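Report on one structure; see the data block that follows.
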Amino acid sequence: MPWPSTTSLPNYLALTSGSTYGIRDDGYHVLPEASIGTQLTAAGLSWRAYMEGMGVSCLAGNGVYAIKHDPFAYYGGACPSNVVPMDQQLDADLAAPPEQAPTFSWITPDLCHDGHDCSAPDADAFLAGLVGRITASPAFQSGGVLFVTWDEDDGGAGNRVPLIAAGPGVRPGSSDQAYDHYSLLATVEDLLGLPRLGEAAAAEPLADLMSLPKAA
C-alpha cells in the first residue's frame, strides 16, 4: 500500500479524516473537527479509540504514548471521551456482547509495541496476542472485520506498507491494486454506511478483497 508521507502524523490524519491538511511534520495542530469519529457520533454509532500507554489526557505525551499517533487529539483541539487508555477499557469491550461493543474500534500501540522503539520480535509478539484477543471476541465472531496497517515504512522506495484484512467477509489472497490510506478510510466508511470524507471520496476501496455496499 504506497503512501507519499514518511512522517507519522499526516498518515494518521489521512486514515481518519481524508486529508493531511498539508501537514508534513509531527507537531501539534488544531484541525477542523470533521473525522470518522465525528461522523460516527453524528450517525449515532458507538466508537472507541484505545491508546496504549496514554495517561489522563490524550494531549500529553509521556514517552511511550505519542500524540502524533493519536489523530483524534487534533480534531477540534480536544480529547473526545471516546479516546481511552487501552489497558483500562479494551478487555471489557472485547468481552462484551456484540450489541454492546463499539461499532468502530481503533487501536494504537505504544512506541515499543508499534516497533518504533523496540525490536521487531517485541512488536510481533504484541500484535500476535492482540489479534488473537480481537478475533476471539464476540463482536468479531458476529461478522466483524479487522484491518491491520502501518503509518509508513522505513524510508524505502515507494513508501510501501502492509495492509492486512481479516474477517468472514474477506476473500483469501492478496491484491495487486494500488491502495493508499484514503482507500482504507473509504472502505471503512462504506462498510458503516457513512459518507466518504475528503480524498476518500475519490479513492478506490478494497473491493477486490471483500464485498462492499455502495458508497453513501
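Just so we're on the same page: first chain in the C-alpha cells is A, next is B, and so on; residues restart at 1 for each chain, and ligands are numbered from 1 in the order they show up.
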
DSSP-assigned alpha helix (DSSP H) members of stretch 110-139 of chain A, reported as a PyMOL selection string: chain A and resi 120-135+138-139

Using the selection just defined, write its residues with N, CA and C atoms as a PDB file, in the first residue's frame.
```
ATOM      1  N   ALA A 120      11.641  -5.849  16.357  1.00  0.00           N
ATOM      2  CA  ALA A 120      10.557  -6.471  15.603  1.00  0.00           C
ATOM      3  C   ALA A 120       9.945  -7.658  16.344  1.00  0.00           C
ATOM      4  N   PRO A 121      10.745  -8.524  16.996  1.00  0.00           N
ATOM      5  CA  PRO A 121      10.122  -9.619  17.764  1.00  0.00           C
ATOM      6  C   PRO A 121       9.203  -9.126  18.875  1.00  0.00           C
ATOM      7  N   ASP A 122       9.560  -8.006  19.529  1.00  0.00           N
ATOM      8  CA  ASP A 122       8.679  -7.452  20.559  1.00  0.00           C
ATOM      9  C   ASP A 122       7.351  -7.028  19.952  1.00  0.00           C
ATOM     10  N   ALA A 123       7.418  -6.316  18.831  1.00  0.00           N
ATOM     11  CA  ALA A 123       6.198  -5.848  18.166  1.00  0.00           C
ATOM     12  C   ALA A 123       5.383  -7.026  17.637  1.00  0.00           C
ATOM     13  N   ASP A 124       6.064  -8.026  17.090  1.00  0.00           N
ATOM     14  CA  ASP A 124       5.362  -9.199  16.560  1.00  0.00           C
ATOM     15  C   ASP A 124       4.601  -9.938  17.658  1.00  0.00           C
ATOM     16  N   ALA A 125       5.245 -10.106  18.807  1.00  0.00           N
ATOM     17  CA  ALA A 125       4.596 -10.818  19.909  1.00  0.00           C
ATOM     18  C   ALA A 125       3.367 -10.063  20.397  1.00  0.00           C
ATOM     19  N   PHE A 126       3.497  -8.747  20.494  1.00  0.00           N
ATOM     20  CA  PHE A 126       2.351  -7.936  20.912  1.00  0.00           C
ATOM     21  C   PHE A 126       1.204  -8.069  19.914  1.00  0.00           C
ATOM     22  N   LEU A 127       1.521  -7.926  18.623  1.00  0.00           N
ATOM     23  CA  LEU A 127       0.474  -7.970  17.602  1.00  0.00           C
ATOM     24  C   LEU A 127      -0.193  -9.335  17.556  1.00  0.00           C
ATOM     25  N   ALA A 128       0.592 -10.396  17.663  1.00  0.00           N
ATOM     26  CA  ALA A 128       0.011 -11.742  17.640  1.00  0.00           C
ATOM     27  C   ALA A 128      -0.977 -11.932  18.791  1.00  0.00           C
ATOM     28  N   GLY A 129      -0.606 -11.467  19.966  1.00  0.00           N
ATOM     29  CA  GLY A 129      -1.501 -11.594  21.111  1.00  0.00           C
ATOM     30  C   GLY A 129      -2.749 -10.750  20.954  1.00  0.00           C
ATOM     31  N   LEU A 130      -2.588  -9.537  20.448  1.00  0.00           N
ATOM     32  CA  LEU A 130      -3.729  -8.642  20.277  1.00  0.00           C
ATOM     33  C   LEU A 130      -4.701  -9.169  19.235  1.00  0.00           C
ATOM     34  N   VAL A 131      -4.175  -9.624  18.106  1.00  0.00           N
ATOM     35  CA  VAL A 131      -5.041 -10.156  17.055  1.00  0.00           C
ATOM     36  C   VAL A 131      -5.807 -11.373  17.562  1.00  0.00           C
ATOM     37  N   GLY A 132      -5.144 -12.218  18.332  1.00  0.00           N
ATOM     38  CA  GLY A 132      -5.832 -13.375  18.890  1.00  0.00           C
ATOM     39  C   GLY A 132      -6.984 -12.989  19.792  1.00  0.00           C
ATOM     40  N   ARG A 133      -6.785 -11.960  20.612  1.00  0.00           N
ATOM     41  CA  ARG A 133      -7.856 -11.487  21.508  1.00  0.00           C
ATOM     42  C   ARG A 133      -9.011 -10.889  20.715  1.00  0.00           C
ATOM     43  N   ILE A 134      -8.689 -10.123  19.680  1.00  0.00           N
ATOM     44  CA  ILE A 134      -9.743  -9.489  18.883  1.00  0.00           C
ATOM     45  C   ILE A 134     -10.568 -10.533  18.144  1.00  0.00           C
ATOM     46  N   THR A 135      -9.898 -11.459  17.471  1.00  0.00           N
ATOM     47  CA  THR A 135     -10.626 -12.434  16.653  1.00  0.00           C
ATOM     48  C   THR A 135     -11.415 -13.439  17.481  1.00  0.00           C
ATOM     49  N   PRO A 138     -16.647 -11.780  20.905  1.00  0.00           N
ATOM     50  CA  PRO A 138     -17.987 -11.991  20.357  1.00  0.00           C
ATOM     51  C   PRO A 138     -18.324 -11.044  19.213  1.00  0.00           C
ATOM     52  N   ALA A 139     -17.890  -9.785  19.284  1.00  0.00           N
ATOM     53  CA  ALA A 139     -18.212  -8.829  18.226  1.00  0.00           C
ATOM     54  C   ALA A 139     -17.567  -9.241  16.907  1.00  0.00           C
TER      55      ALA A 139
END
```

Excluding A:Leu197 and residues on its chain fewer than 4 positions from it, collect all residues at most 8 Å away from it, counting only C-alpha atoms, and give them as JSON, numbers by chain. {"A": [17, 18, 35, 36, 186, 201]}

Who sits within 12 Å of A:Leu194, only C-alpha atoms, same chain under 3 positions skipped, as JSON, numbers by chain: {"A": [35, 36, 37, 38, 39, 40, 41, 42, 43, 44, 45, 104, 185, 186, 187, 188, 189, 190, 191, 197, 200, 201, 213, 214, 215, 216]}

Could those residues be written to a file, using N, CA and C atoms, as a PDB file, in the first residue's frame?
```pdb
ATOM      1  N   SER A  35     -14.035  14.221  11.158  1.00  0.00           N
ATOM      2  CA  SER A  35     -13.236  12.990  11.138  1.00  0.00           C
ATOM      3  C   SER A  35     -14.210  11.824  11.170  1.00  0.00           C
ATOM      4  N   ILE A  36     -13.693  10.607  11.055  1.00  0.00           N
ATOM      5  CA  ILE A  36     -14.587   9.462  11.148  1.00  0.00           C
ATOM      6  C   ILE A  36     -15.223   9.388  12.532  1.00  0.00           C
ATOM      7  N   GLY A  37     -14.546   9.900  13.551  1.00  0.00           N
ATOM      8  CA  GLY A  37     -15.128   9.924  14.885  1.00  0.00           C
ATOM      9  C   GLY A  37     -16.364  10.801  14.961  1.00  0.00           C
ATOM     10  N   THR A  38     -16.281  12.017  14.408  1.00  0.00           N
ATOM     11  CA  THR A  38     -17.444  12.901  14.434  1.00  0.00           C
ATOM     12  C   THR A  38     -18.567  12.359  13.544  1.00  0.00           C
ATOM     13  N   GLN A  39     -18.190  11.679  12.456  1.00  0.00           N
ATOM     14  CA  GLN A  39     -19.202  11.042  11.617  1.00  0.00           C
ATOM     15  C   GLN A  39     -19.968   9.977  12.391  1.00  0.00           C
ATOM     16  N   LEU A  40     -19.240   9.139  13.086  1.00  0.00           N
ATOM     17  CA  LEU A  40     -19.874   8.067  13.848  1.00  0.00           C
ATOM     18  C   LEU A  40     -20.794   8.626  14.926  1.00  0.00           C
ATOM     19  N   THR A  41     -20.309   9.630  15.640  1.00  0.00           N
ATOM     20  CA  THR A  41     -21.121  10.242  16.690  1.00  0.00           C
ATOM     21  C   THR A  41     -22.403  10.826  16.109  1.00  0.00           C
ATOM     22  N   ALA A  42     -22.283  11.549  14.988  1.00  0.00           N
ATOM     23  CA  ALA A  42     -23.459  12.160  14.362  1.00  0.00           C
ATOM     24  C   ALA A  42     -24.458  11.108  13.882  1.00  0.00           C
ATOM     25  N   ALA A  43     -23.940   9.946  13.472  1.00  0.00           N
ATOM     26  CA  ALA A  43     -24.811   8.878  12.985  1.00  0.00           C
ATOM     27  C   ALA A  43     -25.377   8.019  14.112  1.00  0.00           C
ATOM     28  N   GLY A  44     -25.002   8.320  15.361  1.00  0.00           N
ATOM     29  CA  GLY A  44     -25.484   7.542  16.494  1.00  0.00           C
ATOM     30  C   GLY A  44     -24.823   6.185  16.612  1.00  0.00           C
ATOM     31  N   LEU A  45     -23.616   6.045  16.053  1.00  0.00           N
ATOM     32  CA  LEU A  45     -22.884   4.781  16.122  1.00  0.00           C
ATOM     33  C   LEU A  45     -21.804   4.877  17.192  1.00  0.00           C
ATOM     34  N   PHE A 104     -17.262   0.751  15.945  1.00  0.00           N
ATOM     35  CA  PHE A 104     -15.954   1.006  15.338  1.00  0.00           C
ATOM     36  C   PHE A 104     -14.921   1.118  16.444  1.00  0.00           C
ATOM     37  N   LEU A 185      -9.838   4.276   4.482  1.00  0.00           N
ATOM     38  CA  LEU A 185     -10.911   5.094   5.057  1.00  0.00           C
ATOM     39  C   LEU A 185     -12.192   4.925   4.248  1.00  0.00           C
ATOM     40  N   ALA A 186     -12.086   4.944   2.920  1.00  0.00           N
ATOM     41  CA  ALA A 186     -13.264   4.769   2.073  1.00  0.00           C
ATOM     42  C   ALA A 186     -13.934   3.427   2.344  1.00  0.00           C
ATOM     43  N   THR A 187     -13.138   2.387   2.520  1.00  0.00           N
ATOM     44  CA  THR A 187     -13.674   1.051   2.782  1.00  0.00           C
ATOM     45  C   THR A 187     -14.435   1.012   4.103  1.00  0.00           C
ATOM     46  N   VAL A 188     -13.845   1.570   5.149  1.00  0.00           N
ATOM     47  CA  VAL A 188     -14.496   1.574   6.461  1.00  0.00           C
ATOM     48  C   VAL A 188     -15.795   2.383   6.411  1.00  0.00           C
ATOM     49  N   GLU A 189     -15.748   3.538   5.767  1.00  0.00           N
ATOM     50  CA  GLU A 189     -16.960   4.365   5.682  1.00  0.00           C
ATOM     51  C   GLU A 189     -18.043   3.658   4.878  1.00  0.00           C
ATOM     52  N   ASP A 190     -17.672   2.986   3.788  1.00  0.00           N
ATOM     53  CA  ASP A 190     -18.673   2.237   3.022  1.00  0.00           C
ATOM     54  C   ASP A 190     -19.297   1.124   3.862  1.00  0.00           C
ATOM     55  N   LEU A 191     -18.473   0.414   4.618  1.00  0.00           N
ATOM     56  CA  LEU A 191     -18.989  -0.668   5.459  1.00  0.00           C
ATOM     57  C   LEU A 191     -19.957  -0.160   6.521  1.00  0.00           C
ATOM     58  N   LEU A 197     -15.236  10.981   3.501  1.00  0.00           N
ATOM     59  CA  LEU A 197     -14.630  12.264   3.833  1.00  0.00           C
ATOM     60  C   LEU A 197     -13.483  12.603   2.882  1.00  0.00           C
ATOM     61  N   ALA A 200     -11.032  10.562   0.435  1.00  0.00           N
ATOM     62  CA  ALA A 200     -11.597   9.213   0.386  1.00  0.00           C
ATOM     63  C   ALA A 200     -12.736   9.121  -0.619  1.00  0.00           C
ATOM     64  N   ALA A 201     -13.358  10.258  -0.934  1.00  0.00           N
ATOM     65  CA  ALA A 201     -14.489  10.255  -1.859  1.00  0.00           C
ATOM     66  C   ALA A 201     -14.101   9.715  -3.228  1.00  0.00           C
ATOM     67  N   PRO A 213     -20.819  -2.467   0.267  1.00  0.00           N
ATOM     68  CA  PRO A 213     -22.014  -1.737  -0.185  1.00  0.00           C
ATOM     69  C   PRO A 213     -21.610  -0.519  -0.980  1.00  0.00           C
ATOM     70  N   LYS A 214     -22.543   0.062  -1.684  1.00  0.00           N
ATOM     71  CA  LYS A 214     -22.262   1.284  -2.442  1.00  0.00           C
ATOM     72  C   LYS A 214     -21.952   2.424  -1.478  1.00  0.00           C
ATOM     73  N   ALA A 215     -21.091   3.346  -1.904  1.00  0.00           N
ATOM     74  CA  ALA A 215     -20.726   4.481  -1.077  1.00  0.00           C
ATOM     75  C   ALA A 215     -21.956   5.312  -0.758  1.00  0.00           C
ATOM     76  N   ALA A 216     -22.004   5.810   0.512  1.00  0.00           N
ATOM     77  CA  ALA A 216     -23.149   6.639   0.919  1.00  0.00           C
ATOM     78  C   ALA A 216     -23.083   7.991   0.240  1.00  0.00           C
TER      79      ALA A 216
END
```

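Each of A:Gly55, A:Pro109, A:Gly198, A:Gly143 was compared to A:Tyr182 using only C-alpha atoms, and A:Gly198 turns out to be the nearest.
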
Counting only C-alpha atoms, figure out which residue out of A:Pro172, A:Gly53, A:Pro162, A:Pro71 gets nearest to A:Gly27.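 Smallest distance to A:Gly27 is found for A:Pro71.
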
Could you give me, as a CSV table (one decimal) with C-alpha atoms, in the first residue's frame, each residue of stretch 113-149 of chain A that DSSP assigns to strand (DSSP E) when run on this structure's backbone?
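Done, and the output landed in result-v8.csv:
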```
chain,number,residue,atom,x,y,z
A,146,LEU,CA,-10.1,-6.4,11.4
A,147,PHE,CA,-7.7,-4.1,9.5
A,148,VAL,CA,-4.0,-4.0,10.5
A,149,THR,CA,-1.8,-1.4,8.8
```

Distance criterion (only C-alpha atoms): nearest to A:Thr108 out of A:Ala95, A:Val56, A:Ala49, A:Ala78: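 Smallest distance to A:Thr108 is found for A:Ala49.
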
At a cut-off of 9 Å, using only C-alpha atoms, what residues contact A:Pro10? Leave out same-chain residues fewer than 3 positions from it and give the result as a PyMOL selection string. chain A and resi 5-7+13-15+19-26+68+151

Would you work out the distance separating atom CA of A:Gly63 from atom CA of A:Val84, expressed in Å to one decimal?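 Pair atom CA of A:Gly63 / atom CA of A:Val84 returns 17.1 Å.
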